[in-house]
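Chemist: Sharing final.csv here; it has CSV, C-alpha atoms.
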chain,number,residue,atom,x,y,z
A,1,MET,CA,16.5,3.3,-13.4
A,2,GLU,CA,16.3,7.1,-13.1
A,3,THR,CA,13.2,9.3,-13.5
A,4,THR,CA,13.6,13.1,-13.8
A,5,PRO,CA,10.4,14.9,-14.7
A,6,LEU,CA,10.8,18.7,-14.2
A,7,GLN,CA,7.5,19.1,-12.5
A,8,PHE,CA,4.5,17.2,-11.2
A,9,ALA,CA,1.4,16.7,-13.4
A,10,ASN,CA,-0.4,19.5,-11.4
A,11,ASN,CA,2.3,22.0,-12.7
A,12,THR,CA,3.9,22.3,-9.3
A,13,PRO,CA,7.6,23.0,-9.8
A,14,LEU,CA,10.1,20.6,-8.1
A,15,SER,CA,11.4,23.1,-5.5
A,16,LEU,CA,10.8,23.1,-1.8
A,17,SER,CA,8.4,26.0,-1.8
A,18,PRO,CA,6.3,26.6,1.4
A,19,ASN,CA,3.4,24.5,0.2
A,20,PHE,CA,5.7,21.4,0.6
A,21,ILE,CA,7.3,22.3,4.0
A,22,LEU,CA,5.7,20.6,7.0
A,23,PRO,CA,5.6,22.3,10.4
A,24,GLU,CA,8.4,21.1,12.7
A,25,GLU,CA,6.2,18.7,14.7
A,26,ASN,CA,5.1,16.9,11.5
A,27,ARG,CA,8.5,16.5,10.0
A,28,PRO,CA,10.3,13.1,9.8
A,29,ILE,CA,13.2,13.1,12.3
A,30,LEU,CA,15.5,10.9,10.2
A,31,SER,CA,18.3,10.8,12.8
A,32,GLU,CA,15.9,8.9,15.0
A,33,VAL,CA,15.1,6.1,12.5
A,34,PHE,CA,16.1,2.8,14.1
A,35,SER,CA,18.3,1.2,11.3
A,36,SER,CA,19.4,-1.8,13.2
A,37,ALA,CA,15.9,-3.4,13.3
A,38,SER,CA,14.1,-4.9,10.3
A,39,ILE,CA,11.0,-6.8,9.3
A,40,PRO,CA,11.4,-10.5,8.6
A,41,THR,CA,12.2,-12.0,5.1
A,42,ILE,CA,10.3,-15.2,4.4
A,43,ASP,CA,11.3,-17.8,1.7
A,44,LEU,CA,8.1,-19.0,0.1
A,45,ASN,CA,10.0,-21.9,-1.4
A,46,ASN,CA,9.7,-23.7,1.9
A,47,HIS,CA,8.5,-27.3,1.5
A,48,ASP,CA,7.7,-27.5,5.2
A,49,ILE,CA,4.2,-26.0,5.0
A,50,ASP,CA,3.7,-25.9,8.8
A,51,ASP,CA,6.9,-24.0,9.2
A,52,LEU,CA,6.0,-21.6,6.4
A,53,VAL,CA,2.5,-21.0,7.9
A,54,SER,CA,4.0,-20.4,11.3
A,55,LYS,CA,6.5,-17.8,10.0
A,56,ILE,CA,3.9,-15.9,8.1
A,57,SER,CA,1.4,-15.9,11.0
A,58,GLN,CA,4.1,-14.7,13.4
A,59,ALA,CA,5.2,-11.9,11.1
A,60,CYS,CA,1.5,-10.8,10.7
A,61,GLU,CA,1.0,-10.9,14.5
A,62,LYS,CA,4.2,-9.2,15.5
A,63,TYR,CA,5.1,-6.8,12.6
A,64,GLY,CA,2.2,-6.6,10.2
A,65,PHE,CA,4.9,-6.4,7.5
A,66,PHE,CA,7.3,-9.0,6.0
A,67,GLN,CA,9.2,-9.5,2.8
A,68,ILE,CA,9.0,-12.6,0.6
A,69,ILE,CA,11.5,-14.2,-1.7
A,70,ASN,CA,11.2,-17.1,-4.1
A,71,HIS,CA,7.6,-16.0,-4.7
A,72,GLY,CA,7.4,-17.3,-8.3
A,73,VAL,CA,6.9,-13.9,-10.0
A,74,PRO,CA,9.5,-13.6,-12.7
A,75,LYS,CA,12.2,-11.1,-12.0
A,76,GLU,CA,12.2,-9.8,-15.6
A,77,LEU,CA,8.4,-9.1,-15.3
A,78,CYS,CA,9.0,-7.0,-12.2
A,79,GLN,CA,11.7,-5.1,-14.0
A,80,ARG,CA,9.4,-4.5,-17.0
A,81,VAL,CA,6.6,-3.2,-14.9
A,82,LEU,CA,8.9,-0.7,-13.0
A,83,ALA,CA,10.4,0.3,-16.4
A,84,VAL,CA,6.9,1.1,-17.9
A,85,LEU,CA,5.9,3.0,-14.8
A,86,THR,CA,9.1,5.0,-15.0
A,87,GLU,CA,8.2,5.8,-18.6
A,88,PHE,CA,4.7,6.9,-17.5
A,89,PHE,CA,6.1,9.3,-14.9
A,90,GLN,CA,8.5,10.7,-17.5
A,91,LEU,CA,5.7,11.6,-19.9
A,92,PRO,CA,5.2,15.4,-20.3
A,93,PRO,CA,3.2,16.8,-17.3
A,94,GLU,CA,0.4,17.9,-19.6
A,95,GLU,CA,0.0,14.2,-20.8
A,96,ARG,CA,-0.2,12.9,-17.2
A,97,ALA,CA,-2.5,15.8,-16.3
A,98,GLN,CA,-5.3,14.3,-18.3
A,99,PHE,CA,-5.7,11.9,-15.3
A,100,LEU,CA,-5.7,14.6,-12.6
A,101,THR,CA,-8.8,14.7,-10.4
A,102,THR,CA,-9.8,15.0,-6.8
A,103,ASP,CA,-13.0,13.0,-7.4
A,104,HIS,CA,-13.0,9.9,-5.1
A,105,SER,CA,-15.3,8.1,-7.5
A,106,LYS,CA,-12.8,8.1,-10.4
A,107,LEU,CA,-11.1,4.8,-10.6
A,108,VAL,CA,-8.2,6.1,-12.8
A,109,LYS,CA,-6.4,9.2,-11.6
A,110,VAL,CA,-3.2,11.0,-10.9
A,111,PHE,CA,-3.1,12.9,-7.7
A,112,ASN,CA,-0.9,14.3,-4.9
A,113,TYR,CA,-1.2,13.4,-1.3
A,114,TYR,CA,-1.3,16.1,1.3
A,115,GLN,CA,-1.6,16.8,5.0
A,116,LYS,CA,-4.0,19.3,6.6
A,117,VAL,CA,-2.1,21.5,8.9
A,118,GLU,CA,-3.8,23.8,11.3
A,119,GLY,CA,-3.2,27.4,10.4
A,120,GLN,CA,-1.4,26.4,7.2
A,121,GLY,CA,-4.0,24.5,5.2
A,122,GLU,CA,-3.0,21.7,2.8
A,123,VAL,CA,0.7,20.8,2.7
A,124,LEU,CA,1.6,18.8,-0.4
A,125,MET,CA,3.6,15.6,-0.1
A,126,TRP,CA,6.8,15.2,-2.2
A,127,GLY,CA,5.4,12.7,-4.6
A,128,GLU,CA,2.9,11.8,-7.3
A,129,THR,CA,0.5,8.9,-7.4
A,130,PHE,CA,-1.2,7.1,-10.3
A,131,THR,CA,-4.0,4.7,-9.4
A,132,HIS,CA,-6.1,2.4,-11.5
A,133,PRO,CA,-7.9,-1.0,-11.1
A,134,TRP,CA,-6.4,-4.3,-12.0
A,135,HIS,CA,-7.7,-7.9,-12.2
A,136,PRO,CA,-5.9,-11.3,-12.4
A,137,THR,CA,-8.2,-12.9,-15.0
A,138,GLU,CA,-10.6,-10.3,-16.4
A,139,ASP,CA,-9.8,-7.8,-19.1
A,140,PHE,CA,-9.1,-4.4,-17.4
A,141,THR,CA,-7.1,-2.8,-20.2
A,142,HIS,CA,-9.7,-0.1,-20.9
A,143,PHE,CA,-8.7,1.4,-17.5
A,144,LEU,CA,-5.0,1.6,-18.5
A,145,PRO,CA,-3.2,4.4,-20.4
A,146,LYS,CA,-2.4,3.9,-24.1
A,147,ASN,CA,0.9,5.6,-23.5
A,148,PRO,CA,3.5,4.2,-22.9
A,149,PRO,CA,2.5,1.7,-25.6
A,150,GLN,CA,3.5,-1.4,-23.7
A,151,TYR,CA,1.8,-0.4,-20.4
A,152,ARG,CA,-1.3,-2.5,-21.0
A,153,GLU,CA,0.4,-5.7,-22.0
A,154,VAL,CA,3.0,-5.5,-19.2
A,155,PHE,CA,0.4,-4.7,-16.5
A,156,THR,CA,-2.0,-7.4,-17.6
A,157,GLU,CA,0.8,-10.0,-17.3
A,158,TYR,CA,1.9,-8.6,-13.9
A,159,ALA,CA,-1.7,-8.6,-12.6
A,160,ARG,CA,-2.1,-12.3,-13.4
A,161,GLU,CA,1.0,-13.2,-11.5
A,162,ILE,CA,0.2,-10.9,-8.5
A,163,GLY,CA,-3.4,-12.4,-8.4
A,164,ALA,CA,-2.0,-15.9,-8.0
A,165,LEU,CA,0.5,-14.7,-5.4
A,166,MET,CA,-2.2,-13.0,-3.4
A,167,ASP,CA,-4.4,-16.2,-3.4
A,168,ARG,CA,-1.4,-18.1,-2.0
A,169,LEU,CA,-0.7,-15.5,0.7
A,170,LEU,CA,-4.4,-15.4,1.7
A,171,SER,CA,-4.4,-19.2,2.0
A,172,LEU,CA,-1.3,-19.2,4.2
A,173,MET,CA,-2.6,-16.4,6.3
A,174,SER,CA,-5.9,-18.2,6.8
A,175,GLN,CA,-4.1,-21.4,7.9
A,176,GLY,CA,-2.0,-19.2,10.3
A,177,LEU,CA,-5.3,-18.3,12.1
A,178,GLY,CA,-6.3,-22.0,12.3
A,179,LEU,CA,-9.0,-21.4,9.6
A,180,GLN,CA,-9.8,-23.2,6.3
A,181,LYS,CA,-7.5,-22.3,3.5
A,182,ASP,CA,-10.1,-20.3,1.6
A,183,CYS,CA,-11.6,-18.6,4.6
A,184,LEU,CA,-10.1,-15.1,4.3
A,185,LYS,CA,-10.7,-14.9,0.6
A,186,ARG,CA,-14.3,-15.9,1.1
A,187,LYS,CA,-14.8,-13.3,3.9
A,188,ILE,CA,-13.3,-10.5,1.7
A,189,GLY,CA,-15.8,-11.4,-0.9
A,190,GLU,CA,-16.3,-12.7,-4.4
A,191,ARG,CA,-15.9,-9.4,-6.2
A,192,PRO,CA,-13.0,-7.7,-4.3
A,193,ALA,CA,-12.0,-4.1,-5.0
A,194,ILE,CA,-8.5,-4.5,-6.4
A,195,TYR,CA,-6.5,-1.5,-7.4
A,196,THR,CA,-2.9,-0.2,-7.6
A,197,GLN,CA,-1.2,3.1,-6.6
A,198,ALA,CA,2.1,3.7,-8.3
A,199,ASN,CA,4.0,6.2,-6.2
A,200,TYR,CA,6.8,8.3,-7.7
A,201,TYR,CA,9.1,10.3,-5.4
A,202,PRO,CA,11.6,12.6,-7.1
A,203,PRO,CA,14.9,13.5,-5.4
A,204,CYS,CA,14.2,16.1,-2.7
A,205,PRO,CA,16.5,19.1,-1.8
A,206,ASP,CA,15.9,18.6,1.9
A,207,PRO,CA,14.2,15.3,3.0
A,208,GLU,CA,14.0,16.6,6.6
A,209,LEU,CA,11.4,19.2,5.7
A,210,THR,CA,8.8,17.1,3.9
A,211,MET,CA,7.5,13.6,3.3
A,212,GLY,CA,6.7,11.3,0.4
A,213,LEU,CA,3.7,9.8,2.2
A,214,PRO,CA,2.6,10.8,5.7
A,215,ALA,CA,2.2,8.1,8.4
A,216,HIS,CA,-0.9,6.0,7.7
A,217,ASN,CA,-2.4,2.5,7.9
A,218,ASP,CA,-3.6,0.9,4.7
A,219,ILE,CA,-7.4,0.6,4.5
A,220,SER,CA,-7.7,-2.5,2.3
A,221,ALA,CA,-7.2,-6.1,3.4
A,222,LEU,CA,-3.8,-7.1,1.9
A,223,VAL,CA,-1.0,-5.3,0.1
A,224,VAL,CA,1.8,-6.6,-2.1
A,225,LEU,CA,4.4,-3.9,-2.8
A,226,LEU,CA,7.2,-3.9,-5.3
A,227,GLN,CA,10.1,-1.5,-4.5
A,228,MET,CA,12.8,-0.2,-6.7
A,229,GLU,CA,16.1,-1.8,-5.6
A,230,GLY,CA,18.8,0.5,-4.2
A,231,VAL,CA,16.6,3.2,-2.9
A,232,CYS,CA,15.1,3.1,0.6
A,233,GLY,CA,12.1,5.2,1.5
A,234,LEU,CA,9.5,2.9,3.2
A,235,GLN,CA,9.5,3.0,7.0
A,236,VAL,CA,7.3,1.1,9.5
A,237,VAL,CA,6.7,1.4,13.2
A,238,ILE,CA,8.2,-1.5,15.3
A,239,ASP,CA,8.0,-1.2,19.1
A,240,GLY,CA,7.3,2.5,18.8
A,241,LYS,CA,10.3,3.3,16.6
A,242,TRP,CA,10.5,4.1,12.9
A,243,VAL,CA,12.4,1.3,11.1
A,244,PRO,CA,13.5,1.4,7.4
A,245,VAL,CA,12.3,-1.4,5.0
A,246,GLU,CA,15.5,-1.9,2.9
A,247,PRO,CA,14.7,-3.3,-0.5
A,248,VAL,CA,15.7,-7.0,-0.7
A,249,PRO,CA,16.7,-8.1,-4.2
A,250,ASP,CA,13.9,-9.9,-6.0
A,251,ALA,CA,11.5,-9.5,-3.0
A,252,PHE,CA,8.0,-8.2,-2.4
A,253,VAL,CA,6.9,-6.4,0.7
A,254,VAL,CA,3.6,-7.8,2.1
A,255,ASN,CA,1.6,-6.0,4.7
A,256,VAL,CA,-1.6,-6.6,6.7
A,257,ALA,CA,-4.1,-3.9,6.1
A,258,ASP,CA,-7.1,-2.7,8.3
A,259,GLN,CA,-9.7,-5.2,7.0
A,260,MET,CA,-7.4,-8.1,7.8
A,261,GLN,CA,-6.9,-6.8,11.3
A,262,VAL,CA,-10.6,-6.7,11.8
A,263,LEU,CA,-11.3,-10.1,10.3
A,264,SER,CA,-8.6,-11.7,12.4
A,265,ASN,CA,-10.1,-10.0,15.5
A,266,GLY,CA,-6.9,-8.1,16.1
A,267,ARG,CA,-4.5,-11.0,15.8
A,268,TYR,CA,-2.9,-9.8,12.6
A,269,ARG,CA,-1.8,-6.1,12.8
A,270,SER,CA,-2.2,-3.3,10.4
A,271,VAL,CA,0.6,-1.0,11.4
A,272,LEU,CA,1.7,2.6,10.7
A,273,HIS,CA,4.1,3.2,7.9
A,274,ARG,CA,5.3,6.2,5.8
A,275,ALA,CA,7.5,7.1,2.9
A,276,VAL,CA,10.4,9.5,3.3
A,277,THR,CA,12.4,11.1,0.5
A,278,ASN,CA,16.1,11.3,-0.3
A,279,LYS,CA,18.4,13.9,-1.9
A,280,ARG,CA,20.1,11.7,-4.6
A,281,LEU,CA,17.7,9.3,-6.2
A,282,ALA,CA,14.2,9.1,-7.4
A,283,ARG,CA,12.1,6.3,-6.0
A,284,LEU,CA,9.3,4.3,-7.4
A,285,SER,CA,7.0,1.9,-5.5
A,286,LEU,CA,4.1,-0.2,-6.7
A,287,PRO,CA,1.6,-1.4,-4.1
A,288,MET,CA,-1.2,-3.7,-5.3
A,289,PHE,CA,-4.2,-3.5,-3.0
A,290,TYR,CA,-6.8,-6.2,-2.3
A,291,ALA,CA,-10.0,-4.9,-0.6
A,292,PRO,CA,-13.6,-5.9,-0.1
A,293,ASN,CA,-16.3,-4.2,-2.3
A,294,ASN,CA,-18.6,-1.6,-0.8
A,295,ASP,CA,-21.4,-4.1,-0.1
A,296,THR,CA,-19.3,-6.7,1.7
A,297,VAL,CA,-19.9,-6.9,5.5
A,298,ILE,CA,-16.6,-7.1,7.5
A,299,GLY,CA,-16.3,-8.1,11.1
A,300,PRO,CA,-14.3,-10.5,13.3
A,301,ILE,CA,-14.5,-14.1,11.9
A,302,GLU,CA,-16.8,-16.1,14.2
A,303,ASP,CA,-14.3,-18.9,14.7
A,304,LEU,CA,-11.9,-16.4,16.2
A,305,ILE,CA,-14.3,-15.3,18.9
A,306,ASP,CA,-14.8,-16.9,22.3
A,307,GLU,CA,-15.1,-16.0,25.9
A,308,VAL,CA,-11.4,-15.3,26.1
A,309,HIS,CA,-11.3,-13.4,22.8
A,310,PRO,CA,-14.5,-11.3,22.6
A,311,PRO,CA,-15.1,-9.4,19.3
A,312,MET,CA,-12.9,-6.3,19.2
A,313,TYR,CA,-14.9,-4.7,16.3
A,314,ARG,CA,-18.5,-4.4,15.3
A,315,ASN,CA,-19.7,-5.5,11.9
A,316,TYR,CA,-19.9,-2.9,9.1
A,317,SER,CA,-20.2,-2.6,5.4
A,318,TYR,CA,-17.0,-1.6,3.6
A,319,LYS,CA,-18.8,1.4,2.2
A,320,GLU,CA,-19.4,2.6,5.8
A,321,TYR,CA,-15.7,2.2,6.5
A,322,MET,CA,-14.8,4.2,3.4
A,323,ASP,CA,-17.2,6.9,4.3
A,324,GLU,CA,-15.4,7.2,7.6
A,325,PHE,CA,-12.1,7.2,5.8
A,326,TYR,CA,-13.0,10.2,3.6
A,327,ARG,CA,-14.5,12.0,6.6
A,328,GLN,CA,-11.1,12.0,8.2
A,329,GLU,CA,-9.3,13.1,5.0
A,330,GLY,CA,-6.1,15.1,5.3
A,331,ALA,CA,-5.7,14.2,9.0
A,332,ARG,CA,-3.8,11.4,10.7
A,333,ARG,CA,-6.6,8.9,10.1
A,334,ARG,CA,-7.8,6.6,12.8
A,335,VAL,CA,-10.5,4.8,10.9
A,336,LYS,CA,-10.4,1.3,12.6
A,337,GLU,CA,-10.8,3.0,16.0
A,338,ALA,CA,-14.3,4.2,14.9
A,339,PHE,CA,-15.5,0.6,14.7
A,340,GLU,CA,-13.9,-0.8,17.9
A,341,LEU,CA,-16.2,-2.3,20.6
A,342,GLN,CA,-15.7,-1.3,24.2
A,343,HIS,CA,-15.5,-4.1,26.7
Can the structure in the file be given as structure tokens, please?
Modeler:
Amino acid sequence: METTPLQFANNTPLSLSPNFILPEENRPILSEVFSSASIPTIDLNNHDIDDLVSKISQACEKYGFFQIINHGVPKELCQRVLAVLTEFFQLPPEERAQFLTTDHSKLVKVFNYYQKVEGQGEVLMWGETFTHPWHPTEDFTHFLPKNPPQYREVFTEYAREIGALMDRLLSLMSQGLGLQKDCLKRKIGERPAIYTQANYYPPCPDPELTMGLPAHNDISALVVLLQMEGVCGLQVVIDGKWVPVEPVPDAFVVNVADQMQVLSNGRYRSVLHRAVTNKRLARLSLPMFYAPNNDTVIGPIEDLIDEVHPPMYRNYSYKEYMDEFYRQEGARRRVKEAFELQH
């Protein structure tokens, strides 16, 4: 599955001009990536529920990332959703450009990530992102592009499957904390903010000079990511080292995000990750995000607080969290830290 647009939707040519080149201290040092380590892969077709809960909770506590196989989402559906996204990114730049905006309030948009660099301004990342809402049961097709023609049908079917998978994961993660099965889902709220960000990374002339996505933590609660097979780009921090997340056939990558770390009072970890580029192949990734809505109050779950485990974070509305997120825009964000309690 190859994607070869000649330029990004914002008319930036695909050449390593200075506005893509990071200063030396911000560049990925690919020779120092620790390839012998990896995140765990967990088989969801495990009939020993206690063993499954234990494996997931251990992965959430130690790594914050894990891959899942035998998850029940049909392989051909995953292939179709990647194919339709490939078609979207192959549309003429002017057609994709209709979705270009820097307005945070827009739910449907195409944009390019960047890093703010002192003395250099904004350095663009080597990638393009298309974001829009999704919902497992309600009609959200009015948010979706009409072209490619099959986009709406495929994404509706995919959203239904991912919604069911997320419910299952939230239940297992709740049990891993010793909570009722529905606890995490209830705490995140009845009307969650659920959205996707399809990321397209073209082949890059020199992957050492730029990034696909800078190092960051996800701000939502839970993320389920579909990666193209055969192209590695996602890297996570394990024990202070960058480790590649090699695509496992027919697997999803699952990661704990900031709100889950706060709800679990620090037991589950939202960890740093990034996307690097490569010279030979384009890469496509599709994270599906599950977050609270702006009015939901997030804080450590009371059952996880006692004298030995005092609350690590204060309570806040998700809007307050997002305001802090945008305040730190362009920098290496440290949003969770703004809500930590000092003991």
Chemist: For Pro148 (chain A), please output as a count of residues only all residues within 8 Å (counting only C-alpha atoms; exclusion window: fewer than 2 positions along the same chain).
Modeler: 7
Chemist: For the point (-11.6, -4.9, -3.6) in file coordinates, what residues are within 6 Å, counting only C-alpha atoms? Give the answer as a JSON list (two decimals) with C-alpha atoms, in the frame of the given file?
Modeler:
[["chain", "number", "residue", "atom", "x", "y", "z"],
["A", 192, "PRO", "CA", -13.00, -7.70, -4.30],
["A", 193, "ALA", "CA", -12.00, -4.10, -5.00],
["A", 194, "ILE", "CA", -8.50, -4.50, -6.40],
["A", 290, "TYR", "CA", -6.80, -6.20, -2.30],
["A", 291, "ALA", "CA", -10.00, -4.90, -0.60],
["A", 292, "PRO", "CA", -13.60, -5.90, -0.10],
["A", 293, "ASN", "CA", -16.30, -4.20, -2.30]]
Chemist: Kindly give the distance, in Å, that separates CA of Val223 (chain A) and CA of Asp167 (chain A), rounded to a single decimal.
Modeler: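 If I compute the distance from CA of Val223 (chain A) to CA of Asp167 (chain A), I get 11.9 Å.
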Chemist: I want to know what sits within 12 Å of Gly233 (chain A), based on all atoms listed in the file, with residues of the same chain fewer than 5 positions away left out; could you give that as an NGL selection string?
Modeler: :A and (28 or 30 or 33 or 126-127 or 199-204 or 207 or 211-214 or 227-228 or 242-247 or 273-285)
Chemist: Let me see the file: selected residues, C-alpha atoms, as a PDB file, in the frame of the given file.
Modeler:
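Written out: selection-v5.pdb:
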ATOM      1  CA  PRO A  28      10.300  13.100   9.800  1.00  0.00           C
ATOM      2  CA  LEU A  30      15.500  10.900  10.200  1.00  0.00           C
ATOM      3  CA  VAL A  33      15.100   6.100  12.500  1.00  0.00           C
ATOM      4  CA  TRP A 126       6.800  15.200  -2.200  1.00  0.00           C
ATOM      5  CA  GLY A 127       5.400  12.700  -4.600  1.00  0.00           C
ATOM      6  CA  ASN A 199       4.000   6.200  -6.200  1.00  0.00           C
ATOM      7  CA  TYR A 200       6.800   8.300  -7.700  1.00  0.00           C
ATOM      8  CA  TYR A 201       9.100  10.300  -5.400  1.00  0.00           C
ATOM      9  CA  PRO A 202      11.600  12.600  -7.100  1.00  0.00           C
ATOM     10  CA  PRO A 203      14.900  13.500  -5.400  1.00  0.00           C
ATOM     11  CA  CYS A 204      14.200  16.100  -2.700  1.00  0.00           C
ATOM     12  CA  PRO A 207      14.200  15.300   3.000  1.00  0.00           C
ATOM     13  CA  MET A 211       7.500  13.600   3.300  1.00  0.00           C
ATOM     14  CA  GLY A 212       6.700  11.300   0.400  1.00  0.00           C
ATOM     15  CA  LEU A 213       3.700   9.800   2.200  1.00  0.00           C
ATOM     16  CA  PRO A 214       2.600  10.800   5.700  1.00  0.00           C
ATOM     17  CA  GLN A 227      10.100  -1.500  -4.500  1.00  0.00           C
ATOM     18  CA  MET A 228      12.800  -0.200  -6.700  1.00  0.00           C
ATOM     19  CA  TRP A 242      10.500   4.100  12.900  1.00  0.00           C
ATOM     20  CA  VAL A 243      12.400   1.300  11.100  1.00  0.00           C
ATOM     21  CA  PRO A 244      13.500   1.400   7.400  1.00  0.00           C
ATOM     22  CA  VAL A 245      12.300  -1.400   5.000  1.00  0.00           C
ATOM     23  CA  GLU A 246      15.500  -1.900   2.900  1.00  0.00           C
ATOM     24  CA  PRO A 247      14.700  -3.300  -0.500  1.00  0.00           C
ATOM     25  CA  HIS A 273       4.100   3.200   7.900  1.00  0.00           C
ATOM     26  CA  ARG A 274       5.300   6.200   5.800  1.00  0.00           C
ATOM     27  CA  ALA A 275       7.500   7.100   2.900  1.00  0.00           C
ATOM     28  CA  VAL A 276      10.400   9.500   3.300  1.00  0.00           C
ATOM     29  CA  THR A 277      12.400  11.100   0.500  1.00  0.00           C
ATOM     30  CA  ASN A 278      16.100  11.300  -0.300  1.00  0.00           C
ATOM     31  CA  LYS A 279      18.400  13.900  -1.900  1.00  0.00           C
ATOM     32  CA  ARG A 280      20.100  11.700  -4.600  1.00  0.00           C
ATOM     33  CA  LEU A 281      17.700   9.300  -6.200  1.00  0.00           C
ATOM     34  CA  ALA A 282      14.200   9.100  -7.400  1.00  0.00           C
ATOM     35  CA  ARG A 283      12.100   6.300  -6.000  1.00  0.00           C
ATOM     36  CA  LEU A 284       9.300   4.300  -7.400  1.00  0.00           C
ATOM     37  CA  SER A 285       7.000   1.900  -5.500  1.00  0.00           C
TER      38      SER A 285
END
Chemist: Would you be able to write out as a list of chain:residue names which residues have an atom within 10 Å of (-13.9, 4.5, 12.3) in the file's coordinates, counting only C-alpha atoms?
Modeler: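 Every residue inside that radius is included here: A:Glu320, A:Tyr321, A:Met322, A:Asp323, A:Glu324, A:Phe325, A:Arg327, A:Gln328, A:Arg333, A:Arg334, A:Val335, A:Lys336, A:Glu337, A:Ala338, A:Phe339, A:Glu340.
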Chemist: Counting only C-alpha atoms, which residue out of A:Thr296, A:Thr141, A:Thr86, A:Gln98 sits closest to Lys185 (chain A)?
Modeler: A:Thr296
Chemist: Could you work out how far CA of Pro74 (chain A) lies from CA of Glu161 (chain A), giving the answer in Å with one decimal?
Modeler: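 Answer for the CA of Glu161 (chain A) to CA of Pro74 (chain A) separation: 8.6 Å.
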Chemist: Hey, can you check how far CA of Leu172 (chain A) sits from CA of Val53 (chain A)?
Modeler: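 CA of Val53 (chain A) lies at a distance of 5.6 Å from CA of Leu172 (chain A).
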Chemist: Find, counting all atoms listed in the file, the residue in A:Tyr316, A:Tyr326, A:Tyr268, A:Phe252 that gets nearest to Glu61 (chain A).
Modeler: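 Ranked by minimum distance to Glu61 (chain A), first place goes to A:Tyr268.
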Chemist: Of the candidates A:Tyr318, A:Phe140, A:Tyr195, A:Phe111, which one gets nearest to Asn11 (chain A) if we count only C-alpha atoms?
Modeler: A:Phe111
Chemist: For a quick check of understanding, using all atoms listed in the file, which of A:Asn10, A:Asn46, A:Thr196, A:Asn315 has the smallest distance to Arg96 (chain A)?
Modeler: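 For Arg96 (chain A), the nearest of the candidates is A:Asn10.
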Chemist: Closest to Ser264 (chain A) among A:Leu52, A:Met288, A:Asp206, A:Leu179, using all atoms listed in the file?
Modeler: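 Smallest separation from Ser264 (chain A) among the options: A:Leu179.
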Chemist: Ranking A:Leu272, A:Val108, A:Thr156, A:Asp50 by minimum distance to Phe143 (chain A) and counting all atoms listed in the file, which one comes first?
Modeler: A:Val108
Chemist: Report as a VMD selection string all protein, DNA and RNA residues lying within 12 Å of Pro40 (chain A), evaluated on all atoms listed in the file, omitting residues in the same chain fewer than 4 positions from it.
Modeler: chain A and resid 55 to 69 238 245 to 246 248 251 to 255
Chemist: Might you pull out every residue within 12 Å of Pro18 (chain A), with all atoms listed in the file counted and same-chain residues fewer than 3 positions away left off, and present them as a PyMOL selection string?
Modeler: chain A and resi 12-15+21-23+120-126+209-210
